[in-house]
Amino acid sequence: MNQNMLITGGAGFIGSNFIRYIQEQAPEVNIVNLDLLTYAGSQENLRDLPHPEKHILVEADVSDQPLIEGLLHEHNIDTIVHFAAESHVDRSLKGPGAFVQTNIVGTFSLLEAARKVWLQEKRLGKDQLRFHHISTDEVYGSLDPGDPAFEETTPYAPTSPYAASKASSDHLVRAYAHSFGLPITISNCSNNYGPYQFPEKLIPLMILNALTGKPLPIYGDGMQIRDWLYVEDHCAAIYAILNNGKIGESYNIGGGNQPPNIEIVTTICEILDVEDALTQFRPHSQLIEYVTDRPGHDRRYAMNIDKINRDLGWAPSVNLKEGLEKTVRWYLDHIDWLNAIIKEKSYQNWVDINYQGRGTS
Ligand code: NAD
Ligand code: DAU
């Protein structure tokens, strides 16, 4: 296992961080990166790989089963790490179809390719194979204040089209393990942040808007709670599962950082007041604007990470303040990366669709 790895969605936020992480930990691994390069994926995210000669990018759809079968053969793939997905909740509320197609049908196609090439042709022994599926805490639904954190055994109760599509894909992955003996693991992770995150998600959007003097749109009362995890810690958790995780098991991953959204945004403003001290937009908190809430907005997520901590010895290593400081500095050092995105018409279209005429709350 882990000699020849197929990574789907490796040009996106977490996938590109994971490729960098693997290349640092295990430079000998051959990586085939299958990515459709949608609005969320970019070759710019893969510029600074430590071992570019060990990485091939294949621009293709994860639903293209024949192409995936070809890749499994040609590169003698023994490990699949499946990140590719439509990942933004707000977009799933405006256009759920792409989520059903990529997250459900795409995962199905990948599973079918693995079933055919790995299980029917039996080119490699099962103990040499792994299908690792990347999922989310959102499959568990929403918590009320005081509810215990999600455990691996918490029943699924997704509320958005995004979360429902991820839950469906988790069920398919488990069914392929149960029905066909596919050697799988699944990880359900909480909200990630860090370098290369597309500026549609809360933290990079707030950094970008604050830098350019635009309003910082807080949905509803800003008291929703997420369990923030620095992306490199997520990568380390996935790597631990690949190396020592038990076949057929799911692992929860989370950061233990649970301040409400408004506190996250205020902290970003305070960091920028120091890091971007000469700007006319200081204090950045003056840009905060409460806007109409996300429909069906989940109130709170929290992850119980006892299992991965106990069984695999993983724990988050970056605390939230330190992680936010590193993240803000990364964006300040990569203004060209941000500028390339905001110049795209599709980005401006999305901002108009989601924020224009939203109204204040
Ligand atoms: P992202 O949106 O930044 O990247 C997704 C990548 O998938 C992009 O490179 C995109 O081009 C690619 N992609 C999309 N559709 C595709 C298709 N049909 N075929 C091939 N490639 C396609 O997402 P992310 O934030 O990096 O999330 C990666 C995975 O982690 C997703 O499965 C997501 O559900 C999961 N996850 C994300 C978070 C988070 O906080 N971002 C937390 C938990 C789990
Ligand atoms: O929990 C894991 C999930 O985290 C992942 O599975 C998803 O792929 C990822 O997008 C993320 O989902 P969220 O909806 O929690 O992330 P987002 O960054 O979109 O929003 C975080 C919180 O901030 C949420 O409560 C909504 C709020 N928010 C978001 C945006 C974009 C705002 O208040 N204003 C905004 O403009």
# chains A, B, ... in the order shown; residues from 1 in each chain; ligands from 1

$ residues_around --residues "Leu338 (chain A)" --least-positions-apart "6" --cutoff "8 Å" --atoms "only C-alpha atoms" --output "JSON, numbers by chain"
{"A": [199, 208, 331]}

$ write_last_selection --atoms "N, CA, C and O atoms" --output "compact mmCIF listing (two decimals), in the first residue's frame"
# COMPACT_ATOMS: atom_id res chain seq x y z
N PRO A 199 -11.52 31.48 -1.72
CA PRO A 199 -12.16 32.55 -0.93
C PRO A 199 -13.67 32.66 -1.11
O PRO A 199 -14.21 33.74 -1.36
N LEU A 208 -9.95 38.14 2.47
CA LEU A 208 -9.96 38.85 1.20
C LEU A 208 -10.78 40.14 1.29
O LEU A 208 -10.32 41.22 0.87
N TYR A 331 -2.00 34.37 3.21
CA TYR A 331 -2.76 35.13 2.20
C TYR A 331 -2.06 36.45 1.88
O TYR A 331 -2.01 36.85 0.72

$ residues_around --residues "Gly248 (chain A)" --least-positions-apart "5" --cutoff "12 Å" --atoms "only C-alpha atoms" --output "ChimeraX atom specification"
/A:130-133,170,173-187,241-242

$ write_last_selection --atoms "C-alpha atoms" --output "mmCIF file, in the first residue's frame"
data_model
loop_
_atom_site.group_PDB
_atom_site.id
_atom_site.type_symbol
_atom_site.label_atom_id
_atom_site.label_comp_id
_atom_site.auth_asym_id
_atom_site.auth_seq_id
_atom_site.Cartn_x
_atom_site.Cartn_y
_atom_site.Cartn_z
ATOM 1 C CA ARG A 130 -6.914 0.851 0.365
ATOM 2 C CA PHE A 131 -9.828 3.050 -0.666
ATOM 3 C CA HIS A 132 -9.901 6.034 1.697
ATOM 4 C CA HIS A 133 -12.936 8.277 1.482
ATOM 5 C CA ASP A 170 -20.346 7.508 2.725
ATOM 6 C CA VAL A 173 -18.476 3.359 0.350
ATOM 7 C CA ARG A 174 -19.639 1.318 3.351
ATOM 8 C CA ALA A 175 -21.921 -0.772 1.131
ATOM 9 C CA TYR A 176 -18.971 -1.632 -1.139
ATOM 10 C CA ALA A 177 -17.014 -2.774 1.889
ATOM 11 C CA HIS A 178 -19.891 -4.838 3.224
ATOM 12 C CA SER A 179 -21.136 -6.314 -0.056
ATOM 13 C CA PHE A 180 -17.926 -6.738 -2.023
ATOM 14 C CA GLY A 181 -15.152 -6.658 0.571
ATOM 15 C CA LEU A 182 -13.552 -3.458 -0.726
ATOM 16 C CA PRO A 183 -10.863 -2.479 1.815
ATOM 17 C CA ILE A 184 -12.046 0.970 2.828
ATOM 18 C CA THR A 185 -11.585 3.558 5.535
ATOM 19 C CA ILE A 186 -13.568 6.776 5.967
ATOM 20 C CA SER A 187 -12.711 9.981 7.783
ATOM 21 C CA ILE A 241 -5.395 6.375 8.979
ATOM 22 C CA LEU A 242 -3.731 5.232 5.753
#

$ residues_near_ligand --ligand "ligand 2" --cutoff "9 Å" --atoms "only C-alpha atoms and all ligand atoms" --output "ChimeraX atom specification"
/A:85-90,135-139,162-163,166,188-193,199-206,216-228,260-262,265,290-291,293-294,297-302,354-355
